[in-house]
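Here is the structure we will look at.
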Amino acid sequence: MPWLLPPQSPSQQQCERTAFSFYCAVRDQLPVWLLEDMRSMEVFCWEDGRPRPFMPSEALLYALVHDHRDYARCLLNRYSVSSLVAPRCSFCCCRSSGAPHLNVAVRYNRVSILGMMLDALKDCDTQSKRQEYLDSCSGCSHVADAGKTAVLLAVELSRSNCLLMLLVHGATPVGLEAALQTLLTCDASQRRHAQCCLDFLLLFLPKPPLLRCLQDQPQLWQNLLGNDVFSWLCGLAPPPLLLQALRCLARSGPHQISTLPDFLQLHSWR
């Protein structure tokens, strides 16, 4: 009898159709309960010649792209760090590594969801695993922003709010040379954010690395950075007094610096 036959597994085309429908549902900001019902019962991915359920980590990427904050909060509260596992690369079918969710949050400037993800990392088994995730680079060359940490990407894109949040939660301050080059080449509309990124890196750097660009064009960088900062970066003087005073404040929370009066903001210390 036909009603006693086992249900057939969805084909590859059907899997692609359900995944696209789910993408559209997240894009349209449908209610969280409906999205989770779809993900757990109706949406499939095609992997290794067979269908599999759509993972929470894949759903979180959709929520990031479309800034569906309620759905992102639901996934992170329900699945915690397991929703941050890197999904398989759709181009080469290898298991991705690194922290693609952090990079996507930075690229799309999803500051609110980024904060939720960083809070979820507190549930990591060990501090070393949490640090490894914060500082990881994507290992798959097909992934956007491959080989870059979230901090470096934030510096290159002048995402100052994302950068400060990452640094406050313990990400390693890298990309000083990239920050300097971005400040030198950016247009006027991006200059303030580029300046903030440089300032935030300086706040969290225990000791600046010796940079060849400063030695090759000292007059250019001295004019751009000011005497105090230039001398410190070249190892000729201690850090400026305002920088030393603000370091403890910066480490206490991402909102502390932005609440200071304008004359104490780092971009005006020079």
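By convention here, the chains of the structure tokens are called A, B, ... in the order presented, each chain's residues are numbered starting at 1, and ligands are numbered starting at 1 in the order presented.
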Do a neighbour search on segment 100-105 of chain A at 8 Å with only C-alpha atoms, toss out local chain neighbours closer than 5 positions, and write the hits as a list in words.
Leu60, Leu61, Leu64, Val65, Leu84, Ala86, Arg110, Val111, Ile113, Leu114, Met117, Ser138, Asp145, Thr149, Ala150 and Leu153 of chain A
What parts of segment 45-232 of chain A does DSSP call alpha helix (DSSP H)? I'd like the answer as a ChimeraX atom specification.
/A:56-65,69-79,100-107,111-120,127-134,150-157,160-168,176-185,188-204,212-216,218-225,227-232
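For the residues A:Met165, A:Ala154, A:Leu233, A:Leu225, ranking by smallest atom-to-atom distance to Cys197 of chain A using only C-alpha atoms places A:Ala154 first.
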Point-to-point distance from atom CA of Asp228 of chain A to atom CA of Pro240 of chain A, Å rounded to tenths
6.0 Å
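Minimum distance to Asp135 of chain A across A:Asn223, A:Thr172, A:Ser40, A:Asn109 (counting only C-alpha atoms) occurs at A:Thr172.
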So, with only C-alpha atoms as the atoms that count, which of A:Asp70, A:Ala146, A:Cys124, A:Pro31 lies closest to Ser112 of chain A?
A:Asp70
Which residues are near Glu58 of chain A? Cut-off 8 Å, only C-alpha atoms, ignore same chain within fewer than 3 positions. Put them as an MDAnalysis selection string.
chainID A and resid 54:55 61:62 83 87
Restricting it to N, CA and C atoms, dump the selection as a CSV table (one decimal), in the first residue's frame.
```csv
chain,number,residue,atom,x,y,z
A,54,PHE,N,19.9,21.2,8.5
A,54,PHE,CA,20.6,22.5,8.5
A,54,PHE,C,21.0,22.8,9.9
A,55,MET,N,22.3,23.1,10.1
A,55,MET,CA,22.9,23.3,11.4
A,55,MET,C,22.6,24.7,12.0
A,61,LEU,N,24.8,32.3,10.4
A,61,LEU,CA,25.4,33.0,9.3
A,61,LEU,C,24.3,33.8,8.6
A,62,TYR,N,23.2,33.2,8.3
A,62,TYR,CA,22.0,33.9,7.7
A,62,TYR,C,21.6,35.0,8.5
A,83,SER,N,26.9,26.9,18.1
A,83,SER,CA,26.4,27.6,17.0
A,83,SER,C,27.4,28.5,16.3
A,87,PRO,N,31.0,26.0,9.5
A,87,PRO,CA,30.4,25.0,8.6
A,87,PRO,C,31.3,24.6,7.5
```
Polymer residues at most 9 Å from Leu214 of chain A, only C-alpha atoms, same-chain spacing of 6 or more positions, as a PyMOL selection string
chain A and resi 220-222+230+233-234
From the options A:His66, A:Arg159, A:Tyr133, A:Arg27, which residue's atoms come nearest to His193 of chain A, counting only C-alpha atoms?
A:Arg159
Quick one: which segment 7-33 of chain A residues come within 8 Å of segment 45-49 of chain A, and what is the nearest atom pair for each with the distance in Å to one decimal, counting only C-alpha atoms, rows ordered by chain and ascending number, as a Markdown table?
```
| residue | atom | partner | partner_atom | distance |
| --- | --- | --- | --- | --- |
| A:Gln12 | CA | A:Trp46 | CA | 5.7 |
| A:Cys15 | CA | A:Cys45 | CA | 5.3 |
| A:Glu16 | CA | A:Cys45 | CA | 6.8 |
| A:Ala19 | CA | A:Cys45 | CA | 6.8 |
```
Would you save the residues of that selection, restricted to all heavy atoms, as a tab-separated table (two decimals), in the first residue's frame?
```tsv
chain	number	residue	atom	x	y	z
A	12	GLN	N	19.00	16.44	-4.14
A	12	GLN	CA	19.89	17.60	-4.04
A	12	GLN	C	19.17	18.88	-4.43
A	12	GLN	O	19.31	19.91	-3.78
A	12	GLN	CB	21.12	17.40	-4.92
A	12	GLN	CG	22.12	18.56	-4.84
A	12	GLN	CD	23.38	18.29	-5.64
A	12	GLN	OE1	23.52	17.25	-6.26
A	12	GLN	NE2	24.31	19.23	-5.61
A	15	CYS	N	16.92	19.91	-1.63
A	15	CYS	CA	17.70	20.48	-0.53
A	15	CYS	C	18.07	21.93	-0.83
A	15	CYS	O	17.94	22.81	0.05
A	15	CYS	CB	18.98	19.67	-0.31
A	15	CYS	SG	18.70	18.04	0.42
A	16	GLU	N	18.51	22.19	-2.04
A	16	GLU	CA	18.87	23.55	-2.42
A	16	GLU	C	17.65	24.47	-2.37
A	16	GLU	O	17.75	25.63	-1.97
A	16	GLU	CB	19.48	23.55	-3.82
A	16	GLU	CG	20.84	22.85	-3.89
A	16	GLU	CD	21.33	22.68	-5.30
A	16	GLU	OE1	20.56	22.99	-6.25
A	16	GLU	OE2	22.48	22.23	-5.48
A	19	ALA	N	16.88	25.24	1.33
A	19	ALA	CA	17.88	26.14	1.89
A	19	ALA	C	17.64	27.57	1.41
A	19	ALA	O	17.77	28.53	2.19
A	19	ALA	CB	19.29	25.68	1.52
```
